[in-house]
Structure formats: structure tokens, C-alpha cells
>>> print(open('data_32.txt').read())   # compact mmCIF, C-alpha atoms
# COMPACT_ATOMS: atom_id res chain seq x y z
CA MET H 633 95.52 113.71 121.37
CA ALA H 634 93.49 115.79 119.00
CA ILE H 635 89.76 115.21 118.63
CA PRO H 636 88.61 114.63 115.96
CA GLY H 637 91.38 112.38 114.72
CA VAL H 638 92.22 109.05 113.11
CA TYR H 639 94.43 106.61 115.02
CA THR H 640 95.79 103.10 114.50
CA LEU H 641 94.92 100.79 117.39
CA VAL H 642 96.75 97.82 115.89
CA SER H 643 98.65 96.92 112.73
CA GLU H 644 100.16 93.53 113.42
CA THR H 645 101.67 90.80 111.25
CA VAL H 646 100.08 87.51 112.26
CA THR H 647 101.84 84.21 111.55
CA THR H 648 101.14 82.09 114.64
CA ALA H 649 98.48 81.89 117.33
CA VAL H 650 98.49 84.68 119.94
CA THR H 651 96.28 84.98 123.00
CA ALA H 652 95.01 88.27 124.43
CA GLN H 653 97.92 90.35 123.12
CA ALA H 654 97.22 93.91 124.33
CA GLN H 655 98.35 96.71 122.07
CA THR H 656 99.55 100.16 123.13
CA ALA H 657 96.68 102.36 124.29
CA ILE H 658 95.65 105.64 122.70
CA ASP H 659 95.14 108.04 125.61
CA SER H 660 94.01 111.62 126.28
CA LEU H 661 90.75 111.17 124.38
CA GLU H 662 88.63 113.13 126.85
CA GLY H 663 85.51 114.49 125.23
CA MET H 664 85.12 111.92 122.46
CA THR H 665 81.49 111.41 121.58
CA ARG H 666 81.68 108.83 118.77
CA VAL H 667 84.19 106.37 117.40
CA THR H 668 84.13 104.47 114.12
CA PHE H 669 86.30 101.38 113.79
CA GLU H 670 87.58 99.95 110.54
CA ALA H 671 89.14 96.54 110.91
CA THR H 672 90.85 94.61 108.14
CA PHE H 673 92.40 91.18 108.15
CA SER H 674 94.32 89.50 105.35
CA GLY H 675 96.09 86.20 105.09
CA THR H 676 95.48 82.52 104.47
CA GLY H 677 95.65 79.31 106.41
CA GLY H 678 94.69 80.09 110.01
CA THR H 679 91.40 79.56 111.77
CA THR H 680 90.23 82.76 113.49
CA ALA H 681 91.30 86.27 114.41
CA VAL H 682 89.62 88.56 116.96
CA ALA H 683 90.22 92.23 117.67
CA LEU H 684 88.67 93.09 121.02
CA ILE H 685 88.42 96.87 121.47
CA GLN H 686 88.58 98.15 125.03
CA SER H 687 88.15 101.53 126.72
CA ARG H 688 88.82 102.84 130.21
CA MET H 689 88.51 106.05 132.23
CA GLY H 690 92.08 107.28 132.77
CA SER H 691 95.25 105.30 133.38
CA ALA H 692 93.98 103.81 136.66
CA GLY H 693 90.64 102.69 135.24
CA VAL H 694 89.52 99.16 134.45
CA TRP H 695 89.62 98.14 130.79
CA ARG H 696 86.06 97.48 129.52
CA GLU H 697 85.16 95.65 126.31
CA ILE H 698 83.30 97.94 123.91
CA ALA H 699 83.60 96.12 120.55
CA SER H 700 84.38 92.61 119.40
CA ILE H 701 85.41 92.25 115.76
CA ASP H 702 85.73 88.60 114.75
CA PHE H 703 87.15 87.13 111.55
CA ALA H 704 86.58 83.50 110.58
CA ALA H 705 88.54 84.16 107.38
CA ALA H 706 90.40 87.04 105.79
CA GLY H 707 88.15 90.02 105.02
CA SER H 708 87.14 93.37 106.48
CA LYS H 709 84.47 94.72 108.81
CA SER H 710 83.64 97.98 110.50
CA CYS H 711 81.37 99.13 113.28
CA THR H 712 80.36 102.40 114.89
CA VAL H 713 80.20 102.88 118.64
CA LEU H 714 78.28 105.81 120.14
CA THR H 715 78.54 106.92 123.76
CA ALA H 716 75.73 105.87 126.04
CA ALA H 717 73.97 108.18 128.46
CA GLY H 718 75.82 107.36 131.67
CA THR H 719 77.24 103.98 132.55
CA PRO H 720 75.72 100.76 131.18
CA ALA H 721 73.79 98.65 133.67
CA ALA H 722 76.49 95.98 133.49
CA PHE H 723 79.85 95.44 131.86
CA ALA H 724 80.40 91.91 130.58
CA ALA H 725 82.41 90.01 128.01
CA LEU H 726 81.04 90.70 124.53
CA SER H 727 79.83 88.07 122.11
CA ALA H 728 81.26 87.89 118.58
CA ASN H 729 80.74 90.97 116.43
CA SER H 730 78.99 93.04 119.06
CA VAL H 731 79.36 96.46 120.67
CA LEU H 732 78.68 98.22 123.98
CA ASN H 733 77.83 101.90 123.71
CA TRP H 734 80.23 103.34 126.27
CA LEU H 735 83.45 105.33 125.88
CA GLY H 736 86.12 106.20 128.41
CA THR H 737 89.18 108.38 127.81
CA GLU H 738 91.51 105.70 126.40
CA LEU H 739 91.21 103.02 123.70
CA ARG H 740 93.22 99.90 122.92
CA ALA H 741 92.96 96.69 120.93
CA VAL H 742 93.59 93.19 122.28
CA ILE H 743 94.15 90.55 119.61
CA THR H 744 93.74 86.79 119.68
CA THR H 745 94.38 84.47 116.74
CA THR H 746 94.29 80.72 116.22
CA GLY H 747 96.12 78.63 113.67
CA THR H 748 99.08 79.41 111.44
CA TRP H 749 98.65 82.28 109.00
CA VAL H 750 100.54 83.05 105.78
CA GLY H 751 100.69 86.76 104.97
CA GLY H 752 98.40 87.60 107.87
CA VAL H 753 97.97 91.26 108.79
CA LEU H 754 95.40 92.45 111.34
CA ALA H 755 94.74 96.20 111.42
CA VAL H 756 92.25 98.38 113.27
CA ARG H 757 91.98 102.11 112.67
CA VAL H 758 89.65 104.34 114.62
CA HIS H 759 88.12 107.71 113.79
CA VAL H 760 87.42 109.62 116.99
CA ALA H 761 84.92 112.48 117.05
>>> encode(input="data_32.txt", output="C-alpha cells")
Amino acid sequence: MAIPGVYTLVSETVTTAVTAQAQTAIDSLEGMTRVTFEATFSGTGGTTAVALIQSRMGSAGVWREIASIDFAAAGSKSCTVLTAAGTPAAFAALSANSVLNWLGTELRAVITTTGTWVGGVLAVRVHVA
């Protein structure tokens, strides 16, 4: 992949509840120093939608949560994640709308929704620098 670049982590039509649906990873991002996420969610009816952004070091690495983007209703949010100096003291599940400043060499989105949505579309694009 080319750095810098803009990539789509997920663009998914949401009509029913899904649990921890992992999307295809974007790989070969060695050398990235900053990522900016733009997440949008549209639709009516359902209860919640969550895009959990994960990163790992190479294809054999463990996926680590680096951003949690939560929607209680249709709308849009964005967040910026900068690399940390070294490895964080501990990796743990993230709370709603939070980030962990760490980047590996791959990124992916994992989506979870509750309720029944009409016209629901969940999208996350990432600018990698």
C-alpha cells in the first residue's frame, strides 16, 4: 500500500443486528505515523452501531483495539490516532468513543450493531500518513 493514502475500512449496509463482524484488513502499512478516521452512519430505527478499529503487527500478530467509534443514532464522528513511543503499558478493551495511541502494520474494522435499521449504512475511511 502507498503511504500516504486514503482507504475504506468498511462500507456496509446495515439492516439487522450483527456481532463482531470483522472486515477485510488493509495491510502493508509499514511506516505509518498517523491515521485519521472518518466514520459515518446513516439510517433509522435501530439502537446502536459500533465500529471498533484494530491494528496488528504483520499477519501473525494479535489484533489490538486502537479506536472505538460508537453511534447511538445516525450521525458522523471522526478521531485522530497518533503513534505512541513504543508499546503501551497495557492493551485492553476500549470504552466507547476512545482511542489508544499505537499503530501496527495492518488496520481493520470490526462492526457490531443492535436493532433493525432502515437505510442503514456504516462507513469508515482512514487517511494514513
>>> closest_residue(input="data_32.txt", among="H:Val756, H:Ala681, H:Trp695, H:Arg740", to="Cys711 of chain H", atoms="only C-alpha atoms")
H:Val756
>>> residues_around(input="data_32.txt", residues="Asp659 of chain H", least_positions_apart="4", cutoff="10 Å", atoms="all atoms listed in the file", output="ChimeraX atom specification")
/H:633,687-691,736-740
>>> atom_distance(input="data_32.txt", atom1="atom CA of Ile743 of chain H", atom2="atom CA of Thr651 of chain H")
6.9 Å
>>> atom_distance(input="data_32.txt", atom1="atom CA of Ile698 of chain H", atom2="atom CA of Ala755 of chain H")
17.0 Å
>>> residues_around(input="data_32.txt", residues="Ala683 of chain H", least_positions_apart="4", cutoff="8 Å", atoms="only C-alpha atoms", output="list in words")
Ser700, Ile701, Asp702, Ala741, Val742, Ile743, Thr744 and Val756 of chain H
>>> closest_residue(input="data_32.txt", among="H:Thr680, H:Ser660, H:Ser708, H:Thr665", to="Val646 of chain H", atoms="all atoms listed in the file")
H:Thr680
>>> atom_distance(input="data_32.txt", atom1="atom CA of Val638 of chain H", atom2="atom CA of Ile658 of chain H")
10.7 Å
>>> closest_residue(input="data_32.txt", among="H:Ala705, H:Val667, H:Gly751, H:Thr676", to="Pro636 of chain H", atoms="all atoms listed in the file")
H:Val667
>>> closest_residue(input="data_32.txt", among="H:Thr668, H:Gln686, H:Ser674, H:Thr648", to="Thr745 of chain H", atoms="all atoms listed in the file")
H:Thr648
>>> closest_residue(input="data_32.txt", among="H:Arg696, H:Lys709, H:Arg757, H:Arg666", to="Phe723 of chain H", atoms="all atoms listed in the file")
H:Arg696
>>> closest_residue(input="data_32.txt", among="H:Thr746, H:Ser643, H:Ser730, H:Thr656", to="Thr712 of chain H", atoms="all atoms listed in the file")
H:Ser730
